[in-house]
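Asks: So that you have it, the file is query13.cif, and it contains mmCIF, C-alpha atoms:
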data_my_file
loop_
_atom_site.label_atom_id
_atom_site.label_comp_id
_atom_site.auth_asym_id
_atom_site.auth_seq_id
_atom_site.Cartn_x
_atom_site.Cartn_y
_atom_site.Cartn_z
CA MET I 1 -3.30 -135.95 53.70
CA GLY I 2 -2.35 -137.62 50.47
CA ARG I 3 1.19 -138.50 49.56
CA LEU I 4 2.68 -139.54 46.26
CA ALA I 5 6.12 -141.09 46.25
CA SER I 6 8.64 -139.59 43.87
CA PHE I 7 10.34 -142.30 41.86
CA ALA I 8 13.17 -141.53 39.46
CA ALA I 9 14.39 -144.32 37.21
CA GLY I 10 18.06 -145.03 37.73
CA VAL I 11 20.46 -146.22 40.37
CA VAL I 12 20.57 -144.52 43.74
CA CYS I 13 23.62 -145.60 45.70
CA ALA I 14 24.32 -143.76 48.97
CA LEU I 15 26.19 -144.38 52.18
CA THR I 16 23.66 -144.26 54.97
CA GLY I 17 24.52 -143.07 58.43
CA GLY I 18 28.22 -143.01 57.65
CA ALA I 19 28.22 -146.80 57.45
CA ALA I 20 30.74 -148.63 55.32
CA VAL I 21 28.04 -150.59 53.49
CA ALA I 22 25.97 -148.99 50.72
CA ASP I 23 22.33 -149.59 49.94
CA GLU I 24 22.40 -150.25 46.21
CA VAL I 25 18.90 -149.25 45.22
CA THR I 26 17.50 -149.11 41.70
CA THR I 27 14.00 -147.84 40.95
CA TYR I 28 11.74 -148.11 37.92
CA GLN I 29 8.12 -147.42 37.09
CA LEU I 30 6.17 -149.73 34.79
CA ASP I 31 3.88 -148.31 32.13
CA ASN I 32 0.83 -149.24 34.25
CA GLY I 33 2.07 -147.08 37.14
CA MET I 34 3.51 -149.83 39.34
CA ASP I 35 6.75 -148.81 41.09
CA VAL I 36 9.63 -151.28 41.22
CA VAL I 37 12.47 -151.08 43.74
CA VAL I 38 15.52 -153.36 43.58
CA ILE I 39 17.97 -153.63 46.49
CA GLU I 40 21.11 -155.59 45.66
CA ASP I 41 22.60 -157.85 48.32
CA HIS I 42 24.86 -160.53 46.86
CA ARG I 43 26.07 -162.12 50.10
CA ALA I 44 23.75 -165.13 49.81
CA PRO I 45 21.87 -166.68 46.86
CA VAL I 46 18.43 -165.72 48.20
CA VAL I 47 15.84 -163.14 47.26
CA VAL I 48 12.91 -161.48 49.02
CA GLN I 49 9.95 -160.25 47.00
CA MET I 50 7.52 -157.87 48.67
CA VAL I 51 4.44 -156.23 47.20
CA TRP I 52 3.20 -153.25 49.19
CA TYR I 53 -0.29 -151.89 48.60
CA LYS I 54 -0.87 -148.26 49.53
CA VAL I 55 -3.95 -149.08 51.53
CA GLY I 56 -4.51 -150.21 55.10
CA ALA I 57 -7.02 -150.33 57.91
CA ALA I 58 -7.26 -146.53 58.12
CA ASP I 59 -8.64 -146.48 54.57
CA GLU I 60 -11.63 -148.72 55.31
CA GLN I 61 -15.20 -147.55 54.97
CA ALA I 62 -16.93 -146.89 58.29
CA GLY I 63 -18.70 -149.99 59.55
CA THR I 64 -16.38 -152.46 57.80
CA SER I 65 -13.49 -152.42 60.26
CA GLY I 66 -11.09 -155.30 59.72
CA VAL I 67 -11.79 -155.70 55.99
CA ALA I 68 -8.19 -154.81 55.01
CA HIS I 69 -6.84 -157.57 57.24
CA PHE I 70 -9.66 -159.89 56.17
CA LEU I 71 -8.68 -159.45 52.52
CA GLU I 72 -5.06 -160.19 53.41
CA HIS I 73 -6.23 -163.63 54.57
CA LEU I 74 -8.43 -164.14 51.52
CA LEU I 75 -5.55 -163.45 49.13
CA PHE I 76 -4.03 -166.80 50.12
CA ARG I 77 -7.03 -168.56 48.60
CA GLY I 78 -7.26 -169.50 44.94
CA THR I 79 -7.22 -167.96 41.48
CA GLU I 80 -8.16 -169.55 38.16
CA LYS I 81 -4.49 -170.32 37.40
CA PHE I 82 -3.61 -171.48 40.91
CA PRO I 83 -6.58 -173.01 42.75
CA ASP I 84 -6.99 -172.87 46.52
CA GLY I 85 -3.91 -174.15 48.34
CA GLU I 86 -1.50 -174.12 45.40
CA PHE I 87 0.05 -170.73 46.17
CA SER I 88 1.59 -171.76 49.49
CA ALA I 89 2.26 -175.32 48.34
CA LEU I 90 4.32 -174.17 45.36
CA ILE I 91 6.42 -171.80 47.45
CA GLU I 92 7.03 -174.35 50.18
CA GLY I 93 7.75 -177.01 47.57
CA ASN I 94 10.49 -174.77 46.22
CA GLY I 95 12.07 -174.32 49.64
CA GLY I 96 10.61 -170.87 50.26
CA SER I 97 8.36 -169.16 52.76
CA SER I 98 5.62 -166.55 52.46
CA ASN I 99 3.45 -164.38 54.64
CA ALA I 100 1.69 -161.03 54.80
CA PHE I 101 0.76 -158.28 57.24
CA THR I 102 -1.67 -155.38 57.47
CA SER I 103 -1.16 -152.02 59.14
CA TYR I 104 -3.12 -148.79 59.24
CA ASP I 105 -1.34 -147.33 56.20
CA TYR I 106 -0.34 -150.31 54.04
CA THR I 107 -0.75 -154.02 53.37
CA ALA I 108 2.27 -156.12 52.36
CA TYR I 109 2.82 -159.62 50.97
CA PHE I 110 6.24 -161.26 50.82
CA GLN I 111 8.12 -164.39 49.86
CA ARG I 112 11.68 -165.49 50.58
CA VAL I 113 13.11 -168.01 48.10
CA ALA I 114 16.32 -169.05 46.38
CA ALA I 115 17.37 -166.38 43.90
CA ASP I 116 16.69 -168.63 40.91
CA ARG I 117 13.03 -168.96 42.02
CA LEU I 118 12.22 -165.26 41.70
CA GLU I 119 10.29 -165.74 38.47
CA LEU I 120 8.01 -168.28 40.16
CA VAL I 121 7.03 -165.97 43.01
CA MET I 122 6.52 -163.07 40.61
CA GLN I 123 4.16 -165.22 38.57
CA LEU I 124 2.22 -166.19 41.71
CA GLU I 125 2.05 -162.73 43.25
CA SER I 126 1.10 -160.92 40.06
CA ASP I 127 -1.66 -163.46 39.40
CA ARG I 128 -3.43 -162.82 42.69
CA MET I 129 -3.18 -159.04 42.37
CA THR I 130 -6.24 -159.07 40.09
CA GLY I 131 -7.22 -162.74 39.71
CA LEU I 132 -8.57 -163.65 43.16
CA LEU I 133 -11.68 -165.86 43.14
CA LEU I 134 -14.03 -165.57 46.11
CA ASP I 135 -17.35 -167.13 47.07
CA GLU I 136 -19.62 -167.22 50.09
CA GLU I 137 -18.09 -170.42 51.48
CA ILE I 138 -14.51 -169.08 51.32
CA VAL I 139 -15.58 -165.81 52.94
CA ALA I 140 -17.42 -167.60 55.76
CA THR I 141 -14.42 -169.86 56.46
CA GLU I 142 -11.88 -167.04 56.58
CA ARG I 143 -14.21 -164.83 58.60
CA ASN I 144 -14.20 -167.51 61.29
CA VAL I 145 -10.39 -167.59 61.09
CA ILE I 146 -10.00 -163.87 61.74
CA LEU I 147 -12.58 -163.95 64.54
CA GLU I 148 -10.61 -166.72 66.21
CA GLU I 149 -7.43 -164.67 65.71
CA ARG I 150 -9.10 -161.78 67.50
CA ASN I 151 -10.20 -164.09 70.32
CA GLN I 152 -6.66 -165.35 70.82
CA ARG I 153 -4.74 -162.10 70.42
CA THR I 154 -7.17 -159.55 71.82
CA GLU I 155 -10.13 -160.93 73.74
CA ASN I 156 -7.88 -163.22 75.81
CA ASP I 157 -5.29 -160.53 76.51
CA PRO I 158 -6.24 -157.72 78.92
CA GLY I 159 -3.26 -155.68 77.75
CA ALA I 160 -4.51 -155.82 74.17
CA LEU I 161 -8.05 -154.84 75.21
CA PHE I 162 -6.60 -151.97 77.24
CA ALA I 163 -4.55 -150.83 74.23
CA GLU I 164 -7.68 -150.77 72.07
CA GLN I 165 -9.49 -148.58 74.57
CA ARG I 166 -6.55 -146.19 74.86
CA SER I 167 -6.27 -145.82 71.08
CA ALA I 168 -9.99 -145.16 70.83
CA ALA I 169 -9.61 -142.43 73.46
CA LEU I 170 -6.55 -140.88 71.79
CA TYR I 171 -8.06 -140.91 68.29
CA MET I 172 -11.67 -139.92 68.74
CA ASN I 173 -12.21 -138.96 65.10
CA HIS I 174 -9.34 -140.47 63.11
CA PRO I 175 -9.50 -144.13 61.99
CA TYR I 176 -6.24 -144.88 63.85
CA GLY I 177 -8.58 -145.28 66.81
CA VAL I 178 -10.13 -148.40 65.24
CA PRO I 179 -8.14 -151.64 65.68
CA VAL I 180 -6.46 -153.01 62.57
CA ILE I 181 -8.03 -156.42 63.12
CA GLY I 182 -11.43 -154.71 63.48
CA TRP I 183 -14.12 -154.40 66.12
CA LYS I 184 -15.58 -157.83 66.78
CA HIS I 185 -19.21 -156.86 66.10
CA GLU I 186 -18.23 -155.46 62.69
CA MET I 187 -15.95 -158.36 61.82
CA GLU I 188 -18.87 -160.72 62.32
CA GLN I 189 -20.78 -158.89 59.58
CA LEU I 190 -18.01 -158.70 56.94
CA SER I 191 -19.43 -160.00 53.67
CA LEU I 192 -18.33 -161.21 50.27
CA ASP I 193 -19.37 -157.85 48.85
CA ASP I 194 -17.26 -155.97 51.44
CA ALA I 195 -14.16 -157.99 50.57
CA GLN I 196 -14.74 -157.89 46.81
CA THR I 197 -15.34 -154.13 46.82
CA PHE I 198 -12.19 -153.44 48.82
CA TYR I 199 -10.17 -155.73 46.53
CA GLU I 200 -11.45 -154.19 43.30
CA THR I 201 -10.97 -150.66 44.64
CA TYR I 202 -7.42 -150.85 45.94
CA TYR I 203 -5.61 -153.88 44.50
CA ALA I 204 -4.16 -152.55 41.27
CA PRO I 205 -0.61 -152.12 39.95
CA ASN I 206 -0.76 -148.32 40.17
CA ASN I 207 -1.50 -148.63 43.89
CA ALA I 208 1.35 -151.05 44.57
CA ILE I 209 5.11 -151.09 45.02
CA LEU I 210 7.20 -154.13 44.13
CA VAL I 211 10.35 -154.45 46.25
CA VAL I 212 12.91 -157.12 45.36
CA ALA I 213 15.96 -157.50 47.59
CA GLY I 214 18.79 -159.98 47.43
CA ASP I 215 21.11 -161.68 44.98
CA VAL I 216 19.59 -160.18 41.84
CA ASP I 217 20.46 -158.08 38.82
CA PRO I 218 18.32 -154.92 38.58
CA GLU I 219 17.81 -155.16 34.83
CA GLU I 220 16.74 -158.80 35.05
CA VAL I 221 14.26 -157.90 37.80
CA HIS I 222 12.93 -155.08 35.62
CA GLU I 223 12.37 -157.45 32.71
CA LEU I 224 10.60 -159.99 34.93
CA ALA I 225 8.42 -157.25 36.41
CA LYS I 226 7.44 -156.07 32.93
CA THR I 227 6.61 -159.67 31.96
CA TYR I 228 4.42 -160.53 34.96
CA TYR I 229 3.17 -157.25 36.44
CA GLY I 230 3.34 -155.11 33.31
CA PRO I 231 0.24 -156.57 31.58
CA LEU I 232 -2.03 -155.83 34.58
CA ALA I 233 -4.42 -152.97 33.91
CA PRO I 234 -4.18 -149.95 36.21
CA SER I 235 -7.18 -148.65 38.09
CA ALA I 236 -8.61 -145.36 36.89
CA ASN I 237 -10.66 -144.86 40.05
CA LEU I 238 -8.26 -144.99 42.97
CA PRO I 239 -9.76 -142.89 45.79
CA GLU I 240 -7.72 -140.16 47.41
CA ARG I 241 -6.29 -141.09 50.80
CA ALA I 242 -8.29 -138.44 52.67
CA ARG I 243 -9.07 -139.28 56.28
CA PRO I 244 -10.97 -137.51 59.06
CA GLN I 245 -8.51 -135.63 61.27
CA GLU I 246 -8.50 -135.11 65.03
CA PRO I 247 -10.09 -131.95 66.42
CA PRO I 248 -8.07 -129.98 68.99
CA GLN I 249 -7.92 -131.85 72.30
CA ARG I 250 -8.78 -129.44 75.10
CA ALA I 251 -8.81 -131.69 78.17
CA GLU I 252 -6.90 -134.68 79.44
CA ARG I 253 -8.65 -138.00 78.94
CA ARG I 254 -8.36 -140.73 81.56
CA LEU I 255 -9.44 -144.35 81.70
CA THR I 256 -9.02 -147.33 83.98
CA TYR I 257 -9.27 -150.85 82.63
CA THR I 258 -9.80 -153.50 85.29
CA ASP I 259 -9.42 -157.20 84.59
CA PRO I 260 -8.74 -160.11 86.97
CA ARG I 261 -6.29 -161.56 84.42
CA VAL I 262 -3.89 -158.60 84.75
CA ALA I 263 -0.55 -159.92 85.94
CA GLN I 264 1.18 -156.58 86.47
CA PRO I 265 -0.68 -153.27 86.86
CA TYR I 266 0.84 -150.23 85.17
CA VAL I 267 0.22 -146.64 84.14
CA ILE I 268 0.69 -145.37 80.59
CA ARG I 269 0.27 -141.90 79.18
CA SER I 270 0.01 -141.17 75.45
CA TYR I 271 0.13 -137.86 73.59
CA LEU I 272 -0.76 -137.09 70.00
CA ALA I 273 2.52 -136.37 68.22
CA PRO I 274 3.47 -135.10 64.76
CA GLU I 275 4.20 -137.85 62.28
CA ARG I 276 7.41 -138.26 60.30
CA ASP I 277 6.86 -136.50 56.99
CA PRO I 278 8.47 -136.99 53.56
CA GLY I 279 11.07 -134.30 52.98
CA ASP I 280 10.70 -132.97 56.55
CA GLN I 281 11.90 -135.49 59.13
CA ASP I 282 13.52 -133.12 61.64
CA THR I 283 10.71 -133.02 64.22
CA ALA I 284 10.29 -136.80 64.10
CA ALA I 285 14.03 -137.24 64.59
CA ALA I 286 13.98 -135.01 67.70
CA LEU I 287 11.02 -136.97 69.13
CA THR I 288 12.83 -140.24 68.40
CA MET I 289 15.88 -139.05 70.33
CA LEU I 290 13.68 -137.75 73.18
CA ALA I 291 12.02 -141.16 73.56
CA ALA I 292 15.39 -142.93 73.56
CA LEU I 293 16.91 -140.59 76.16
CA LEU I 294 13.87 -140.74 78.43
CA GLY I 295 13.05 -144.42 78.29
CA GLY I 296 15.07 -146.35 75.73
CA ASP I 297 17.40 -148.54 77.79
CA ALA I 298 16.58 -149.17 81.44
CA ALA I 299 20.20 -149.03 82.57
CA THR I 300 21.00 -145.68 80.93
CA SER I 301 17.71 -143.86 80.24
CA PHE I 302 16.48 -141.08 82.49
CA LEU I 303 13.31 -142.90 83.62
CA GLY I 304 15.16 -146.17 84.13
CA GLU I 305 17.93 -144.68 86.25
CA ARG I 306 15.59 -142.56 88.35
CA LEU I 307 12.70 -144.97 88.94
CA GLN I 308 14.15 -148.45 88.52
CA PHE I 309 17.64 -148.06 89.96
CA ASP I 310 17.78 -144.97 92.18
CA SER I 311 14.41 -145.06 93.96
CA GLN I 312 13.69 -148.71 93.02
CA ARG I 313 9.98 -147.91 92.88
CA SER I 314 9.49 -149.35 89.38
CA VAL I 315 10.13 -152.71 87.80
CA TYR I 316 9.92 -151.32 84.26
CA THR I 317 9.82 -147.93 82.57
CA SER I 318 9.77 -146.90 78.94
CA ALA I 319 9.16 -144.06 76.53
CA PHE I 320 8.15 -144.52 72.90
CA TYR I 321 7.48 -142.50 69.79
CA ASP I 322 5.25 -144.05 67.13
CA GLY I 323 5.35 -141.53 64.31
CA PHE I 324 6.08 -143.57 61.20
CA SER I 325 2.58 -143.00 59.87
CA ILE I 326 0.69 -140.91 57.34
CA ASP I 327 -1.20 -138.90 59.96
CA ASP I 328 -0.49 -137.88 63.56
CA GLY I 329 1.26 -140.54 65.62
CA SER I 330 1.77 -140.84 69.36
CA PHE I 331 4.38 -140.37 72.06
CA GLY I 332 4.05 -142.38 75.24
CA LEU I 333 5.42 -143.03 78.72
CA ILE I 334 5.03 -146.24 80.74
CA ASN I 335 5.66 -146.95 84.41
CA VAL I 336 5.21 -150.38 85.99
CA PRO I 337 5.51 -149.96 89.76
CA VAL I 338 6.91 -152.45 92.24
CA PRO I 339 4.37 -154.22 94.50
CA GLY I 340 3.15 -151.88 97.20
CA VAL I 341 3.35 -148.76 95.02
CA SER I 342 -0.12 -147.73 93.84
CA LEU I 343 -0.87 -146.58 90.31
CA ASP I 344 -1.63 -143.10 91.63
CA GLU I 345 1.84 -143.04 93.17
CA ALA I 346 3.37 -144.48 90.00
CA GLU I 347 1.77 -141.67 87.96
CA ALA I 348 3.15 -139.10 90.38
CA ASP I 349 6.60 -140.68 90.10
CA LEU I 350 6.35 -140.47 86.31
CA ASP I 351 5.32 -136.82 86.43
CA ALA I 352 8.18 -135.97 88.78
CA ALA I 353 10.70 -137.76 86.58
CA VAL I 354 9.57 -135.92 83.44
CA ALA I 355 9.69 -132.59 85.29
CA ALA I 356 13.22 -133.38 86.46
CA PHE I 357 14.31 -134.20 82.92
CA ILE I 358 12.93 -130.93 81.60
CA GLU I 359 14.73 -129.03 84.37
CA THR I 360 18.11 -130.76 84.07
CA GLY I 361 18.18 -131.10 80.28
CA VAL I 362 20.09 -133.54 78.11
CA ASP I 363 23.08 -135.41 79.51
CA MET I 364 25.68 -134.86 76.77
CA GLU I 365 27.64 -138.02 77.50
CA LYS I 366 24.52 -140.16 77.11
CA PHE I 367 23.46 -138.15 74.08
CA GLU I 368 26.70 -138.89 72.23
CA ARG I 369 26.59 -142.54 73.30
CA LEU I 370 23.08 -142.79 71.87
CA LYS I 371 24.23 -141.44 68.53
CA THR I 372 27.01 -144.02 68.44
CA GLN I 373 24.48 -146.78 69.12
CA ILE I 374 22.25 -145.52 66.30
CA ARG I 375 25.13 -145.65 63.83
CA ALA I 376 26.00 -149.16 64.94
CA SER I 377 22.40 -150.37 64.66
CA GLU I 378 22.26 -148.95 61.13
CA ILE I 379 25.20 -151.14 60.12
CA TYR I 380 23.73 -154.24 61.77
CA ALA I 381 20.35 -153.63 60.10
CA LYS I 382 21.96 -154.16 56.71
CA ASP I 383 22.61 -157.80 57.62
CA SER I 384 18.94 -158.62 56.98
CA THR I 385 17.85 -158.71 53.36
CA GLN I 386 14.23 -158.89 54.41
CA GLY I 387 14.76 -156.01 56.83
CA LEU I 388 16.13 -153.85 54.01
CA ALA I 389 13.18 -154.72 51.79
CA ARG I 390 10.79 -153.85 54.59
CA ARG I 391 12.53 -150.57 55.39
CA TYR I 392 12.16 -149.26 51.86
CA GLY I 393 8.77 -150.80 51.13
CA GLN I 394 7.15 -149.44 54.28
CA ALA I 395 8.46 -145.94 53.69
CA LEU I 396 7.61 -145.81 49.99
CA ALA I 397 4.10 -147.13 50.63
CA MET I 398 3.53 -144.09 52.86
CA GLY I 399 4.82 -141.56 50.36
CA PHE I 400 8.49 -141.31 51.29
CA SER I 401 11.24 -141.37 48.68
CA VAL I 402 14.39 -143.49 48.53
CA GLU I 403 16.29 -140.33 49.46
CA ASP I 404 14.12 -139.86 52.56
CA VAL I 405 14.92 -143.40 53.71
CA GLN I 406 18.63 -142.95 53.20
CA ALA I 407 18.67 -139.53 54.89
CA TRP I 408 16.98 -140.73 58.10
CA THR I 409 20.10 -141.73 60.02
CA GLU I 410 21.91 -138.49 59.19
CA THR I 411 18.78 -136.58 60.23
CA LEU I 412 18.99 -138.32 63.60
CA MET I 413 22.69 -137.48 63.83
CA ALA I 414 21.91 -133.80 63.24
CA VAL I 415 19.55 -133.54 66.23
CA THR I 416 20.87 -131.22 68.94
CA PRO I 417 20.09 -131.17 72.68
CA GLU I 418 18.14 -127.97 72.03
CA ASP I 419 16.01 -129.86 69.47
CA VAL I 420 15.28 -132.55 72.04
CA MET I 421 14.19 -130.06 74.70
CA ALA I 422 12.03 -128.19 72.18
CA ALA I 423 10.34 -131.50 71.35
CA ALA I 424 9.72 -132.13 75.06
CA ASP I 425 8.18 -128.67 75.48
CA MET I 426 5.92 -129.37 72.49
CA ILE I 427 4.76 -132.84 73.58
CA PHE I 428 4.24 -132.72 77.32
CA GLU I 429 0.89 -130.95 77.59
CA ARG I 430 -1.48 -132.78 79.92
CA ASN I 431 -4.56 -131.40 78.19
CA LYS I 432 -3.45 -133.31 75.08
CA ALA I 433 -2.82 -136.60 76.84
CA VAL I 434 -4.61 -139.87 77.49
CA THR I 435 -3.66 -141.42 80.83
CA GLY I 436 -4.58 -145.04 81.40
CA PHE I 437 -4.42 -147.41 84.37
CA LEU I 438 -4.38 -151.16 83.79
CA THR I 439 -5.19 -152.92 87.03
CA ARG I 440 -6.78 -155.85 88.80
CA PRO I 441 -10.05 -155.66 90.77
CA GLU I 442 -9.71 -154.78 94.43
CA PRO I 443 -9.96 -157.87 96.63
CA PRO I 444 -13.22 -158.08 98.57
CA ALA I 445 -13.10 -156.58 102.05
CA SER I 446 -12.42 -159.25 104.65
CA GLU I 447 -15.36 -160.07 106.80
CA THR I 448 -15.20 -159.39 110.54
CA PRO I 449 -14.59 -162.71 112.31
CA ALA I 450 -17.57 -163.97 114.23
CA GLU I 451 -17.32 -163.56 118.01
CA VAL I 452 -16.33 -166.79 119.70
CA THR I 453 -17.95 -167.58 123.01
CA GLN I 454 -17.14 -170.35 125.38
#
How does this structure look as structure tokens?

Replies:
Amino acid sequence: MGRLASFAAGVVCALTGGAAVADEVTTYQLDNGMDVVVIEDHRAPVVVQMVWYKVGAADEQAGTSGVAHFLEHLLFRGTEKFPDGEFSALIEGNGGSSNAFTSYDYTAYFQRVAADRLELVMQLESDRMTGLLLDEEIVATERNVILEERNQRTENDPGALFAEQRSAALYMNHPYGVPVIGWKHEMEQLSLDDAQTFYETYYAPNNAILVVAGDVDPEEVHELAKTYYGPLAPSANLPERARPQEPPQRAERRLTYTDPRVAQPYVIRSYLAPERDPGDQDTAAALTMLAALLGGDAATSFLGERLQFDSQRSVYTSAFYDGFSIDDGSFGLINVPVPGVSLDEAEADLDAAVAAFIETGVDMEKFERLKTQIRASEIYAKDSTQGLARRYGQALAMGFSVEDVQAWTETLMAVTPEDVMAAADMIFERNKAVTGFLTRPEPPASETPAEVTQ
């Protein structure tokens, strides 16, 4: 489903979550279609620049998995103005730092520098938006880098391999079932043409959002953006973000991943869950509260109290909702049993705990305490300039508006116990679940001792 963010030029200043600190947000749109967001934070003379592209791993062509992340690496190579190595060297030489990350729904690049160095990082970032120079040697070198990254982070981690298999089982048709880093056999075949095609298709000002947060003046940022990003030509051929969707799931899916490197066996169950939508965040808010009440904090959550403290049959429990996405997300439950408790028993314990929660309902004292914690975390989150830039950039890259971002905390505050229980009734259908066991191989059966004769 496609989403277009609604940007209105002007200052949007709103108290979020009842906090005493305002997000001072100004938005513009350049003539070439690039959106500009400025978040003022004058507490320190630093600035964060982020450029968010509205494209991620879920937008890749079939057979080229990993190309979005691959291109993220390649963007740190050279352009005609700034040959290979100069980008990072200039930023570090000016006391700054830079990095990037790729997700299913977006790719983001950022720098953190002294406020008076903003023009430099704008010059650098705008130059590589359309000026990247690639050749076969550069592509071969960076392809080896991402393959080694996969070896370190995935192939050598049984938990990561297990997660890949679970996602592939949960999303049988949607590209969320393909790992962001890519399948190894497809990564090995990524070519110069694959990278160049992806770059020329999606890297354009009208497919990007510039977020600048820190000790800046919005009008000065606007003028700099017009100077450096404004001359870049927009793309007239941006493809629609249309993805294959999941068919109805009619039976529970189960898998067991066995690996001798597993340190702690556990059971995890995931359900497809509605995503958080622009202009309609109520269901996502109820699912967020459900996850927090069930398995947020071990000492106070329902699963933690019941399985870790009361029965002491688990060493760790959790519940999570991952719905900040363009298409359907997931809701999950985890139970790590103590030694001596089998995974079959751990699954039964998990089922019994969820059934007990549905029968007893929401504990109002814990519910109100959770809301207080959410308000407090909202205030603390404003202490991070980079965190603020990421909050807005991530949301806007997925089609949310500034108003959606600022309304989220109050949407959480409006959730009722009845909303939480309705969310539980909606989610907990076993025929829509993927249940996974991560375990070690069974030890070989001991041999019968030979008979000893005298």

Asks: Starting from the shown file, work through the PyMOL selection byres ((chain I and resi 140) around 12) and note down what comes out as a PDB file with C-alpha atoms, in the coordinates of the input.

Replies:
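What follows is the written file result_19.pdb:
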ATOM      1  CA  PHE I  70      -9.660-159.890  56.170  1.00  0.00           C
ATOM      2  CA  HIS I  73      -6.230-163.630  54.570  1.00  0.00           C
ATOM      3  CA  LEU I  74      -8.430-164.140  51.520  1.00  0.00           C
ATOM      4  CA  LEU I 134     -14.030-165.570  46.110  1.00  0.00           C
ATOM      5  CA  ASP I 135     -17.350-167.130  47.070  1.00  0.00           C
ATOM      6  CA  GLU I 136     -19.620-167.220  50.090  1.00  0.00           C
ATOM      7  CA  GLU I 137     -18.090-170.420  51.480  1.00  0.00           C
ATOM      8  CA  ILE I 138     -14.510-169.080  51.320  1.00  0.00           C
ATOM      9  CA  VAL I 139     -15.580-165.810  52.940  1.00  0.00           C
ATOM     10  CA  THR I 141     -14.420-169.860  56.460  1.00  0.00           C
ATOM     11  CA  GLU I 142     -11.880-167.040  56.580  1.00  0.00           C
ATOM     12  CA  ARG I 143     -14.210-164.830  58.600  1.00  0.00           C
ATOM     13  CA  ASN I 144     -14.200-167.510  61.290  1.00  0.00           C
ATOM     14  CA  VAL I 145     -10.390-167.590  61.090  1.00  0.00           C
ATOM     15  CA  ILE I 146     -10.000-163.870  61.740  1.00  0.00           C
ATOM     16  CA  LEU I 147     -12.580-163.950  64.540  1.00  0.00           C
ATOM     17  CA  MET I 187     -15.950-158.360  61.820  1.00  0.00           C
ATOM     18  CA  GLU I 188     -18.870-160.720  62.320  1.00  0.00           C
ATOM     19  CA  GLN I 189     -20.780-158.890  59.580  1.00  0.00           C
ATOM     20  CA  LEU I 190     -18.010-158.700  56.940  1.00  0.00           C
ATOM     21  CA  SER I 191     -19.430-160.000  53.670  1.00  0.00           C
ATOM     22  CA  LEU I 192     -18.330-161.210  50.270  1.00  0.00           C
ATOM     23  CA  ALA I 195     -14.160-157.990  50.570  1.00  0.00           C
TER      24      ALA I 195
END

Asks: Out of I:Val434, I:Gln61, I:Ser235, I:Ile209, which residue has the shortest atom-to-atom distance to Tyr109 in chain I when counting all atoms listed in the file?

Replies: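 Smallest separation from Tyr109 in chain I among the options: I:Ile209.
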
Asks: Skip Gln123 in chain I itself and residues of its chain fewer than 5 positions away, then list as a list in words all residues within 10 Å of it, counting all atoms listed in the file.

Replies: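 Selected residues are Leu118, Arg128, Leu224, Ala225, Thr227, Tyr228 and Tyr229 of chain I.
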
Asks: Expressed in Å to a single decimal, how great is the separation between CA of Glu200 in chain I and CA of Arg77 in chain I?

Replies: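 The value is 15.9 Å.
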
Asks: Exactly which residues make up the result of the PyMOL selection byres ((chain I and resi 88) around 10) on this file, given as a ChimeraX atom specification?

Replies: /I:76-77,84-87,89-94,96-99,111,124

Asks: Which residues fall under the PyMOL selection byres ((chain I and resi 262) around 7) in this file, as a CSV table (one decimal) with C-alpha atoms, in the coordinates of the input?

Replies:
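File out_16.csv, as written:
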chain,number,residue,atom,x,y,z
I,158,PRO,CA,-6.2,-157.7,78.9
I,259,ASP,CA,-9.4,-157.2,84.6
I,260,PRO,CA,-8.7,-160.1,87.0
I,261,ARG,CA,-6.3,-161.6,84.4
I,263,ALA,CA,-0.6,-159.9,85.9
I,264,GLN,CA,1.2,-156.6,86.5
I,265,PRO,CA,-0.7,-153.3,86.9
I,439,THR,CA,-5.2,-152.9,87.0
I,440,ARG,CA,-6.8,-155.8,88.8

Asks: Which residues are close to Glu429 in chain I, i.e. within 12 Å by only C-alpha atoms, leaving aside same-chain residues fewer than 6 positions away? Reply as a count of residues only.

Replies: 16

Asks: Would you list the residues near (-9.9, -157.5, 46.1), meaning any protein, DNA or RNA residue with an atom at most 12 Å from that point in file coordinates, counting only C-alpha atoms, as a ChimeraX atom specification?

Replies: /I:53,55,67-77,79,128-134,192-204

Asks: Pick out the closest residue to Gly56 in chain I from this set: I:His42, I:Lys81, I:Arg243, I:Arg150. Count all atoms listed in the file.

Replies: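 Closest residue, counting all atoms listed in the file: I:Arg243.
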
Asks: Which residue gives the smallest distance to Gln281 in chain I among I:Phe400, I:Phe82, I:Tyr104, I:Phe367, with only C-alpha atoms counted?

Replies: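 For Gln281 in chain I, the nearest of the candidates is I:Phe400.
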
Asks: From the set I:Leu350, I:Val48, I:Leu170, I:Leu412, which residue has the shortest atom-to-atom contact distance to Glu378 in chain I, counting all atoms listed in the file?

Replies: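 Checking each candidate against Glu378 in chain I, we get I:Leu412 as the closest.
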
Asks: List the neighbours of Leu255 in chain I out to 12 Å using only C-alpha atoms; skip same-chain residues closer than 4 positions along the sequence, and give me the result as a list in words.

Replies: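 That gives Phe162, Ala163, Glu164, Gln165, Arg166, Ser167, Ala168, Ala169, Leu170, Val267, Ile268, Arg269, Ser270, Ala433, Val434, Thr435, Gly436, Phe437, Leu438 and Thr439 of chain I.
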